[in-house]
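Participant: The following file, work-v2.cif, comprises mmCIF, C-alpha atoms, pLDDT in the B column; chains and numbers go by the auth columns:
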```cif
data_my_file
#
loop_
_atom_site.group_PDB
_atom_site.id
_atom_site.type_symbol
_atom_site.label_atom_id
_atom_site.label_comp_id
_atom_site.label_asym_id
_atom_site.label_seq_id
_atom_site.Cartn_x
_atom_site.Cartn_y
_atom_site.Cartn_z
_atom_site.B_iso_or_equiv
_atom_site.auth_seq_id
_atom_site.auth_asym_id
ATOM 1 C CA MET A 1 -44.142 19.790 23.827 41.00 1 A
ATOM 2 C CA VAL A 2 -40.419 19.259 23.181 43.00 2 A
ATOM 3 C CA ASN A 3 -39.531 16.932 20.315 46.00 3 A
ATOM 4 C CA LEU A 4 -37.127 14.552 22.072 41.00 4 A
ATOM 5 C CA SER A 5 -35.776 13.154 18.803 45.00 5 A
ATOM 6 C CA LEU A 6 -34.630 16.645 17.811 38.00 6 A
ATOM 7 C CA LYS A 7 -33.343 17.403 21.280 39.00 7 A
ATOM 8 C CA GLN A 8 -31.292 14.208 21.413 59.00 8 A
ATOM 9 C CA ARG A 9 -30.022 14.364 17.838 79.00 9 A
ATOM 10 C CA ILE A 10 -26.208 14.415 17.662 82.00 10 A
ATOM 11 C CA PRO A 11 -24.853 17.091 15.302 82.00 11 A
ATOM 12 C CA HIS A 12 -22.771 16.063 12.293 80.00 12 A
ATOM 13 C CA LEU A 13 -19.088 16.847 12.179 80.00 13 A
ATOM 14 C CA GLU A 14 -18.273 19.858 10.022 81.00 14 A
ATOM 15 C CA ASN A 15 -14.959 21.253 8.852 73.00 15 A
ATOM 16 C CA GLY A 16 -13.807 23.922 11.254 75.00 16 A
ATOM 17 C CA ASP A 17 -15.865 22.768 14.260 82.00 17 A
ATOM 18 C CA ARG A 18 -14.085 23.508 17.530 84.00 18 A
ATOM 19 C CA LEU A 19 -14.604 20.570 19.863 83.00 19 A
ATOM 20 C CA THR A 20 -13.131 18.647 22.752 83.00 20 A
ATOM 21 C CA ARG A 21 -11.857 15.182 21.957 87.00 21 A
ATOM 22 C CA TYR A 22 -14.823 13.668 23.811 84.00 22 A
ATOM 23 C CA GLU A 23 -17.368 15.606 21.739 87.00 23 A
ATOM 24 C CA PHE A 24 -15.415 14.901 18.543 84.00 24 A
ATOM 25 C CA GLU A 25 -15.585 11.149 19.181 85.00 25 A
ATOM 26 C CA ARG A 26 -19.271 11.331 20.093 88.00 26 A
ATOM 27 C CA ARG A 27 -20.169 13.014 16.800 86.00 27 A
ATOM 28 C CA TYR A 28 -17.759 10.925 14.748 83.00 28 A
ATOM 29 C CA GLN A 29 -19.232 7.653 15.992 84.00 29 A
ATOM 30 C CA ALA A 30 -22.758 8.892 15.272 83.00 30 A
ATOM 31 C CA MET A 31 -22.019 9.715 11.639 79.00 31 A
ATOM 32 C CA PRO A 32 -23.964 7.422 9.277 70.00 32 A
ATOM 33 C CA ARG A 33 -20.961 7.177 6.939 69.00 33 A
ATOM 34 C CA HIS A 34 -17.534 7.323 8.525 65.00 34 A
ATOM 35 C CA GLN A 35 -15.198 9.406 6.439 74.00 35 A
ATOM 36 C CA LYS A 36 -11.736 10.291 7.637 83.00 36 A
ATOM 37 C CA ALA A 37 -11.937 13.003 10.274 83.00 37 A
ATOM 38 C CA GLU A 38 -9.253 14.433 12.543 83.00 38 A
ATOM 39 C CA LEU A 39 -9.138 16.747 15.529 84.00 39 A
ATOM 40 C CA ILE A 40 -6.052 18.987 15.460 85.00 40 A
ATOM 41 C CA GLU A 41 -5.638 21.609 18.182 83.00 41 A
ATOM 42 C CA GLY A 42 -9.368 21.403 18.865 80.00 42 A
ATOM 43 C CA VAL A 43 -10.372 21.977 15.216 84.00 43 A
ATOM 44 C CA VAL A 44 -12.131 19.375 13.045 80.00 44 A
ATOM 45 C CA TYR A 45 -10.700 18.507 9.614 76.00 45 A
ATOM 46 C CA LEU A 46 -12.641 16.288 7.207 82.00 46 A
ATOM 47 C CA ALA A 47 -10.635 14.613 4.459 76.00 47 A
ATOM 48 C CA SER A 48 -11.280 15.251 0.785 74.00 48 A
ATOM 49 C CA PRO A 49 -11.620 12.372 -1.712 76.00 49 A
ATOM 50 C CA LEU A 50 -8.188 10.867 -2.348 80.00 50 A
ATOM 51 C CA ARG A 51 -6.609 10.742 -5.790 85.00 51 A
ATOM 52 C CA PHE A 52 -4.491 7.839 -6.969 91.00 52 A
ATOM 53 C CA GLU A 53 -1.136 9.244 -8.103 89.00 53 A
ATOM 54 C CA SER A 54 -1.097 12.120 -5.622 87.00 54 A
ATOM 55 C CA HIS A 55 -1.978 10.025 -2.582 90.00 55 A
ATOM 56 C CA ALA A 56 -2.979 6.375 -2.863 93.00 56 A
ATOM 57 C CA GLU A 57 0.030 5.115 -4.807 95.00 57 A
ATOM 58 C CA PRO A 58 2.766 6.886 -2.807 95.00 58 A
ATOM 59 C CA HIS A 59 0.920 5.876 0.355 96.00 59 A
ATOM 60 C CA GLY A 60 1.132 2.266 -0.797 97.00 60 A
ATOM 61 C CA HIS A 61 4.857 2.620 -1.475 97.00 61 A
ATOM 62 C CA LEU A 62 5.619 3.886 2.015 97.00 62 A
ATOM 63 C CA ILE A 63 3.412 1.283 3.650 98.00 63 A
ATOM 64 C CA GLY A 64 5.095 -1.503 1.654 98.00 64 A
ATOM 65 C CA TRP A 65 8.490 -0.278 2.828 98.00 65 A
ATOM 66 C CA LEU A 66 7.357 -0.121 6.461 98.00 66 A
ATOM 67 C CA TRP A 67 5.582 -3.502 6.265 98.00 67 A
ATOM 68 C CA THR A 68 8.771 -5.154 5.042 98.00 68 A
ATOM 69 C CA TYR A 69 10.581 -3.726 8.062 98.00 69 A
ATOM 70 C CA GLN A 70 7.831 -4.688 10.480 98.00 70 A
ATOM 71 C CA ILE A 71 7.659 -8.370 9.509 98.00 71 A
ATOM 72 C CA ALA A 72 11.427 -8.637 10.059 98.00 72 A
ATOM 73 C CA THR A 73 11.289 -6.903 13.450 98.00 73 A
ATOM 74 C CA PRO A 74 9.333 -8.690 16.215 96.00 74 A
ATOM 75 C CA GLY A 75 8.004 -6.237 18.791 96.00 75 A
ATOM 76 C CA VAL A 76 7.122 -3.623 16.152 98.00 76 A
ATOM 77 C CA ARG A 77 3.633 -3.071 14.737 98.00 77 A
ATOM 78 C CA LEU A 78 2.410 -1.173 11.672 98.00 78 A
ATOM 79 C CA GLY A 79 -0.954 0.555 11.278 97.00 79 A
ATOM 80 C CA ILE A 80 -2.663 2.335 8.376 97.00 80 A
ATOM 81 C CA GLU A 81 -4.781 5.403 9.175 94.00 81 A
ATOM 82 C CA PRO A 82 -5.406 4.566 12.839 95.00 82 A
ATOM 83 C CA THR A 83 -7.128 6.949 15.191 94.00 83 A
ATOM 84 C CA VAL A 84 -4.552 8.175 17.715 97.00 84 A
ATOM 85 C CA ARG A 85 -5.639 9.734 21.000 97.00 85 A
ATOM 86 C CA LEU A 86 -2.884 12.173 21.858 95.00 86 A
ATOM 87 C CA ASP A 87 -4.381 14.719 24.255 93.00 87 A
ATOM 88 C CA ARG A 88 -7.591 16.593 25.042 91.00 88 A
ATOM 89 C CA ASP A 89 -7.549 18.605 21.806 93.00 89 A
ATOM 90 C CA ASN A 90 -5.866 16.234 19.372 94.00 90 A
ATOM 91 C CA GLU A 91 -7.019 13.009 17.779 94.00 91 A
ATOM 92 C CA PRO A 92 -5.310 12.675 14.382 94.00 92 A
ATOM 93 C CA GLN A 93 -5.672 9.835 11.928 94.00 93 A
ATOM 94 C CA PRO A 94 -2.219 9.697 10.302 95.00 94 A
ATOM 95 C CA ASP A 95 -1.590 7.872 7.044 95.00 95 A
ATOM 96 C CA GLY A 96 0.597 5.373 8.863 97.00 96 A
ATOM 97 C CA VAL A 97 2.270 4.608 12.173 98.00 97 A
ATOM 98 C CA LEU A 98 5.083 2.322 13.224 98.00 98 A
ATOM 99 C CA LEU A 99 5.173 1.609 16.918 98.00 99 A
ATOM 100 C CA ILE A 100 7.005 -0.482 19.470 98.00 100 A
ATOM 101 C CA THR A 101 4.669 -2.684 21.501 97.00 101 A
ATOM 102 C CA PRO A 102 4.182 -1.988 25.221 95.00 102 A
ATOM 103 C CA THR A 103 5.751 -5.355 26.092 94.00 103 A
ATOM 104 C CA SER A 104 8.881 -4.212 24.242 95.00 104 A
ATOM 105 C CA GLN A 105 8.910 -0.887 26.139 93.00 105 A
ATOM 106 C CA GLY A 106 7.014 1.143 23.543 96.00 106 A
ATOM 107 C CA GLN A 107 5.507 4.488 24.521 97.00 107 A
ATOM 108 C CA SER A 108 1.920 3.995 23.277 97.00 108 A
ATOM 109 C CA ARG A 109 -0.745 1.420 24.043 96.00 109 A
ATOM 110 C CA LEU A 110 -4.091 0.155 22.756 96.00 110 A
ATOM 111 C CA SER A 111 -7.188 1.214 24.663 96.00 111 A
ATOM 112 C CA ASN A 112 -9.977 -1.158 25.639 96.00 112 A
ATOM 113 C CA ASP A 113 -11.930 0.058 22.604 93.00 113 A
ATOM 114 C CA ASP A 114 -8.940 -0.601 20.291 95.00 114 A
ATOM 115 C CA TYR A 115 -7.584 2.896 19.679 95.00 115 A
ATOM 116 C CA ILE A 116 -3.973 4.000 20.024 97.00 116 A
ATOM 117 C CA GLU A 117 -3.405 6.094 23.126 97.00 117 A
ATOM 118 C CA GLY A 118 -0.162 8.014 23.383 97.00 118 A
ATOM 119 C CA ALA A 119 2.427 8.777 20.751 97.00 119 A
ATOM 120 C CA PRO A 120 3.593 6.111 18.277 98.00 120 A
ATOM 121 C CA GLU A 121 7.340 6.169 17.735 98.00 121 A
ATOM 122 C CA LEU A 122 6.986 6.956 13.992 98.00 122 A
ATOM 123 C CA VAL A 123 4.210 8.731 12.080 98.00 123 A
ATOM 124 C CA ILE A 124 3.945 9.210 8.301 97.00 124 A
ATOM 125 C CA GLU A 125 1.795 11.627 6.338 94.00 125 A
ATOM 126 C CA ILE A 126 1.282 11.892 2.564 93.00 126 A
ATOM 127 C CA ALA A 127 0.926 15.619 1.951 88.00 127 A
ATOM 128 C CA ALA A 128 -0.772 16.848 -1.212 77.00 128 A
ATOM 129 C CA SER A 129 -3.600 19.272 -0.435 62.00 129 A
ATOM 130 C CA SER A 130 -2.884 18.820 3.298 62.00 130 A
ATOM 131 C CA VAL A 131 0.718 20.031 3.216 68.00 131 A
ATOM 132 C CA ALA A 132 0.022 23.230 5.183 69.00 132 A
ATOM 133 C CA ILE A 133 -1.441 21.414 8.178 70.00 133 A
ATOM 134 C CA ASP A 134 0.959 18.440 7.979 77.00 134 A
ATOM 135 C CA LEU A 135 4.042 20.667 8.165 83.00 135 A
ATOM 136 C CA HIS A 136 2.685 23.129 10.719 84.00 136 A
ATOM 137 C CA ASP A 137 -0.104 22.313 13.196 89.00 137 A
ATOM 138 C CA LYS A 138 0.275 18.540 12.982 91.00 138 A
ATOM 139 C CA LYS A 139 4.037 18.786 13.229 93.00 139 A
ATOM 140 C CA LYS A 140 3.727 20.849 16.418 93.00 140 A
ATOM 141 C CA VAL A 141 1.169 18.444 17.877 95.00 141 A
ATOM 142 C CA TYR A 142 3.237 15.354 17.118 96.00 142 A
ATOM 143 C CA GLY A 143 6.383 16.918 18.543 96.00 143 A
ATOM 144 C CA ARG A 144 4.666 18.173 21.690 95.00 144 A
ATOM 145 C CA ASN A 145 3.213 14.714 22.353 96.00 145 A
ATOM 146 C CA GLY A 146 6.488 12.858 21.824 97.00 146 A
ATOM 147 C CA VAL A 147 6.279 11.278 18.362 98.00 147 A
ATOM 148 C CA LYS A 148 9.977 10.491 17.954 98.00 148 A
ATOM 149 C CA GLU A 149 10.128 10.520 14.145 98.00 149 A
ATOM 150 C CA TYR A 150 7.823 12.131 11.618 97.00 150 A
ATOM 151 C CA ILE A 151 7.902 11.575 7.848 97.00 151 A
ATOM 152 C CA VAL A 152 6.102 13.960 5.494 96.00 152 A
ATOM 153 C CA TRP A 153 6.111 13.209 1.768 95.00 153 A
ATOM 154 C CA GLN A 154 5.199 16.370 -0.161 92.00 154 A
ATOM 155 C CA ILE A 155 3.856 14.866 -3.371 91.00 155 A
ATOM 156 C CA PHE A 156 3.557 17.939 -5.577 91.00 156 A
ATOM 157 C CA GLU A 157 7.052 19.115 -4.589 91.00 157 A
ATOM 158 C CA ASN A 158 8.434 15.538 -4.939 92.00 158 A
ATOM 159 C CA LYS A 159 10.141 16.022 -1.586 93.00 159 A
ATOM 160 C CA LEU A 160 10.321 13.925 1.564 95.00 160 A
ATOM 161 C CA ASP A 161 11.181 15.265 5.022 95.00 161 A
ATOM 162 C CA TRP A 162 12.149 12.911 7.825 97.00 162 A
ATOM 163 C CA PHE A 163 12.149 14.661 11.188 97.00 163 A
ATOM 164 C CA SER A 164 13.719 13.417 14.410 98.00 164 A
ATOM 165 C CA LEU A 165 12.596 14.731 17.802 97.00 165 A
ATOM 166 C CA GLN A 166 15.643 16.024 19.656 95.00 166 A
ATOM 167 C CA GLN A 167 15.332 17.966 22.906 93.00 167 A
ATOM 168 C CA GLY A 168 11.688 18.727 22.164 92.00 168 A
ATOM 169 C CA GLU A 169 12.265 20.040 18.640 94.00 169 A
ATOM 170 C CA TYR A 170 12.123 18.347 15.244 96.00 170 A
ATOM 171 C CA VAL A 171 15.318 18.385 13.204 96.00 171 A
ATOM 172 C CA SER A 172 15.684 16.925 9.713 95.00 172 A
ATOM 173 C CA LEU A 173 17.566 13.687 9.308 96.00 173 A
ATOM 174 C CA GLU A 174 20.124 14.062 6.560 93.00 174 A
ATOM 175 C CA VAL A 175 20.956 11.610 3.804 94.00 175 A
ATOM 176 C CA ASP A 176 24.407 10.029 3.919 95.00 176 A
ATOM 177 C CA ALA A 177 26.931 9.868 1.081 93.00 177 A
ATOM 178 C CA ASP A 178 24.856 7.124 -0.561 93.00 178 A
ATOM 179 C CA ARG A 179 21.657 9.225 -0.381 93.00 179 A
ATOM 180 C CA ILE A 180 20.257 6.959 2.329 97.00 180 A
ATOM 181 C CA ILE A 181 18.363 8.130 5.417 98.00 181 A
ATOM 182 C CA LYS A 182 18.621 5.911 8.497 98.00 182 A
ATOM 183 C CA SER A 183 16.123 5.957 11.333 98.00 183 A
ATOM 184 C CA GLN A 184 17.435 6.896 14.771 97.00 184 A
ATOM 185 C CA VAL A 185 14.585 5.048 16.526 98.00 185 A
ATOM 186 C CA PHE A 186 14.255 1.906 14.413 98.00 186 A
ATOM 187 C CA PRO A 187 17.742 0.575 13.623 98.00 187 A
ATOM 188 C CA GLY A 188 17.880 -0.927 10.154 98.00 188 A
ATOM 189 C CA LEU A 189 15.027 1.182 8.797 98.00 189 A
ATOM 190 C CA TRP A 190 16.933 2.596 5.844 98.00 190 A
ATOM 191 C CA LEU A 191 15.421 4.606 2.995 98.00 191 A
ATOM 192 C CA SER A 192 16.973 5.351 -0.394 98.00 192 A
ATOM 193 C CA MET A 193 15.577 8.826 -0.946 94.00 193 A
ATOM 194 C CA PRO A 194 16.145 9.203 -4.712 95.00 194 A
ATOM 195 C CA ASP A 195 14.754 5.748 -5.463 97.00 195 A
ATOM 196 C CA LEU A 196 11.572 6.366 -3.494 97.00 196 A
ATOM 197 C CA LEU A 197 10.986 9.709 -5.197 96.00 197 A
ATOM 198 C CA ALA A 198 11.602 8.078 -8.589 95.00 198 A
ATOM 199 C CA GLY A 199 9.213 5.208 -7.851 95.00 199 A
ATOM 200 C CA ASN A 200 11.991 2.598 -7.995 97.00 200 A
ATOM 201 C CA MET A 201 10.597 0.409 -5.243 97.00 201 A
ATOM 202 C CA GLN A 202 12.768 -2.623 -6.029 98.00 202 A
ATOM 203 C CA GLN A 203 15.841 -0.589 -5.137 98.00 203 A
ATOM 204 C CA VAL A 204 14.085 0.915 -2.115 98.00 204 A
ATOM 205 C CA LEU A 205 13.501 -2.591 -0.781 98.00 205 A
ATOM 206 C CA ALA A 206 17.037 -3.680 -1.698 98.00 206 A
ATOM 207 C CA VAL A 207 18.473 -0.847 0.423 98.00 207 A
ATOM 208 C CA LEU A 208 16.071 -1.689 3.238 98.00 208 A
ATOM 209 C CA GLN A 209 17.304 -5.281 3.139 98.00 209 A
ATOM 210 C CA LEU A 210 20.834 -3.998 3.705 98.00 210 A
ATOM 211 C CA GLY A 211 19.518 -2.280 6.822 98.00 211 A
ATOM 212 C CA LEU A 212 17.765 -5.423 7.985 98.00 212 A
ATOM 213 C CA ASN A 213 21.016 -7.336 7.591 98.00 213 A
ATOM 214 C CA SER A 214 23.002 -4.759 9.564 98.00 214 A
ATOM 215 C CA PRO A 215 24.403 -5.539 13.035 98.00 215 A
ATOM 216 C CA GLU A 216 22.398 -2.609 14.430 98.00 216 A
ATOM 217 C CA HIS A 217 19.127 -4.227 13.406 98.00 217 A
ATOM 218 C CA GLN A 218 20.113 -7.595 14.813 97.00 218 A
ATOM 219 C CA ILE A 219 20.952 -6.001 18.169 97.00 219 A
ATOM 220 C CA PHE A 220 17.644 -4.092 18.131 98.00 220 A
ATOM 221 C CA VAL A 221 15.672 -7.301 17.555 97.00 221 A
ATOM 222 C CA GLN A 222 17.455 -8.930 20.485 96.00 222 A
ATOM 223 C CA GLN A 223 16.643 -5.956 22.699 95.00 223 A
ATOM 224 C CA LEU A 224 12.959 -6.033 21.743 95.00 224 A
ATOM 225 C CA SER A 225 12.781 -9.745 22.507 89.00 225 A
ATOM 226 C CA SER A 226 14.529 -9.567 25.879 83.00 226 A
#
```
Is it possible to give me this structure as structure tokens?

Facilitator:
Amino acid sequence: MVNLSLKQRIPHLENGDRLTRYEFERRYQAMPRHQKAELIEGVVYLASPLRFESHAEPHGHLIGWLWTYQIATPGVRLGIEPTVRLDRDNEPQPDGVLLITPTSQGQSRLSNDDYIEGAPELVIEIAASSVAIDLHDKKKVYGRNGVKEYIVWQIFENKLDWFSLQQGEYVSLEVDADRIIKSQVFPGLWLSMPDLLAGNMQQVLAVLQLGLNSPEHQIFVQQLSS
């Protein structure tokens, strides 16, 4: 006689499993303790425990910078570690996303079960032990699915890359003469690179405020509201 409980048992997710997005979600939702799990090019990646200085603190710095922009920009929403349904083989859980709402002509939407479907305009990743996947497979997946800007902060190298999707390929945004990077998708989203890397968040927010006060940001807000 077949033991139905064994037959119907849903397998646990394991690092390296090769699954469809449907099967990935089925196993993920059945896990007794939900840890961070991602599906990248059909392969499952389970997150390691996160350290403070090499992940949690810099993550907080970037989120604080993005949150300050978001509250000054109606029509833009910020999320921390959301599940993003991109395609059949890819369901990442990035460290942060900034997106334009569908009513303001954004390119992603929320599903009936409250997941992001489609590509957010901006994705951020804090890369310590995950740098190899963040700068290779994930980068290819995000670009192929239309994520317009992608920020990767390599903690151990104390380096931040800000990529812009141009003609299907990511190119690095360059700092200007004042060592400031300016978003091409979110006008007014300005970042003082040296201050962020040095942990000088007061100056990071001061530079961002200059961006928020710029004519470009004011025009963008009007466009989102129209």

Participant: Interatomic distance between atom CA of Ile71 of chain A and atom CA of Gly106 of chain A?

Facilitator: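 According to the coordinates, atom CA of Ile71 of chain A and atom CA of Gly106 of chain A are separated by 17.0 Å.
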
Participant: Just to confirm, what's the straight-line distance from atom CA of Ala56 of chain A to atom CA of Leu78 of chain A in Å (one decimal)?

Facilitator: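 Pair atom CA of Ala56 of chain A / atom CA of Leu78 of chain A returns 17.2 Å.
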
Participant: Would you compute the distance between atom CA of Leu39 of chain A and atom CA of Lys139 of chain A? Give it in Å to one decimal.

Facilitator: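 Computed distance, atom CA of Leu39 of chain A to atom CA of Lys139 of chain A, equals 13.5 Å.
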
Participant: Need to verify the contact set: segment 148-156 of chain A, 7 Å, only C-alpha atoms, exclusion of same-chain residues closer than 3 positions in sequence. Can you return it as JSON, numbers by chain?

Facilitator: {"A": [54, 121, 122, 123, 124, 125, 126, 127, 128, 131, 159, 160, 161, 162, 163, 164, 165]}

Participant: Only C-alpha atoms, please: the residues just picked out, written as a PDB file, in the coordinates of the input.

Facilitator:
```
ATOM      1  CA  SER A  54      -1.097  12.120  -5.622  1.00 87.00           C
ATOM      2  CA  GLU A 121       7.340   6.169  17.735  1.00 98.00           C
ATOM      3  CA  LEU A 122       6.986   6.956  13.992  1.00 98.00           C
ATOM      4  CA  VAL A 123       4.210   8.731  12.080  1.00 98.00           C
ATOM      5  CA  ILE A 124       3.945   9.210   8.301  1.00 97.00           C
ATOM      6  CA  GLU A 125       1.795  11.627   6.338  1.00 94.00           C
ATOM      7  CA  ILE A 126       1.282  11.892   2.564  1.00 93.00           C
ATOM      8  CA  ALA A 127       0.926  15.619   1.951  1.00 88.00           C
ATOM      9  CA  ALA A 128      -0.772  16.848  -1.212  1.00 77.00           C
ATOM     10  CA  VAL A 131       0.718  20.031   3.216  1.00 68.00           C
ATOM     11  CA  LYS A 159      10.141  16.022  -1.586  1.00 93.00           C
ATOM     12  CA  LEU A 160      10.321  13.925   1.564  1.00 95.00           C
ATOM     13  CA  ASP A 161      11.181  15.265   5.022  1.00 95.00           C
ATOM     14  CA  TRP A 162      12.149  12.911   7.825  1.00 97.00           C
ATOM     15  CA  PHE A 163      12.149  14.661  11.188  1.00 97.00           C
ATOM     16  CA  SER A 164      13.719  13.417  14.410  1.00 98.00           C
ATOM     17  CA  LEU A 165      12.596  14.731  17.802  1.00 97.00           C
TER      18      LEU A 165
END
```

Participant: Find, counting all atoms listed in the file, the residue in A:Val84, A:Val141, A:Val97, A:Leu66 that gets nearest to Ser111 of chain A.

Facilitator: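 Ranking A:Val84, A:Val141, A:Val97, A:Leu66 by distance to Ser111 of chain A, first place goes to A:Val84.
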
Participant: Report as a list in words the residues that result from applying the PyMOL selection byres ((chain A and resi 190-207) around 8) to the structure here.

Facilitator: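 Selected by the PyMOL selection byres ((chain A and resi 190-207) around 8) here: His61, Trp65, Thr68, Asn158, Lys159, Leu160, Val175, Arg179, Ile180, Ile181, Lys182, Ser183, Gly188, Leu189, Leu208, Gln209, Leu210 and Gly211 of chain A.
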
Participant: Quick one: of A:Gln166, A:Asn15, A:Ser214, A:Ser104, who's nearest to Gly146 of chain A, counting all atoms listed in the file?

Facilitator: A:Gln166

Participant: Considering only C-alpha atoms, state which residue in the set A:Asp137, A:His59, A:Trp67, A:Pro102 is at the smallest distance from Val43 of chain A.

Facilitator: A:Asp137

Participant: Write out as a compact mmCIF listing (two decimals) with C-alpha atoms, keeping the file's coordinate frame the residues lying within 6 Å of segment 87-96 of chain A, counting only C-alpha atoms and excluding same-chain residues fewer than 2 positions away.

Facilitator:
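Output saved as part-v8.txt:
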```txt
# COMPACT_ATOMS: atom_id res chain seq x y z
CA THR A 20 -13.13 18.65 22.75
CA ARG A 21 -11.86 15.18 21.96
CA GLU A 38 -9.25 14.43 12.54
CA LEU A 39 -9.14 16.75 15.53
CA ILE A 40 -6.05 18.99 15.46
CA GLU A 41 -5.64 21.61 18.18
CA GLY A 42 -9.37 21.40 18.86
CA GLY A 79 -0.95 0.56 11.28
CA ILE A 80 -2.66 2.34 8.38
CA GLU A 81 -4.78 5.40 9.18
CA PRO A 82 -5.41 4.57 12.84
CA THR A 83 -7.13 6.95 15.19
CA VAL A 84 -4.55 8.18 17.72
CA ARG A 85 -5.64 9.73 21.00
CA VAL A 123 4.21 8.73 12.08
CA ILE A 124 3.94 9.21 8.30
CA GLU A 125 1.80 11.63 6.34
```

Participant: Need the axis-aligned box for segment 120-128 of chain A with 6 Å each side, so what are the centre and edges in Å to one decimal, as lines of an AutoDock Vina configuration file?

Facilitator:
```
center_x = 3.3
center_y = 11.5
center_z = 8.5
size_x = 20.1
size_y = 22.7
size_z = 31.5
```

Participant: Which residue gives the smallest distance to Leu86 of chain A among A:Leu212, A:Ala30, A:Val171, A:Ile116, with all atoms listed in the file counted?

Facilitator: A:Ile116
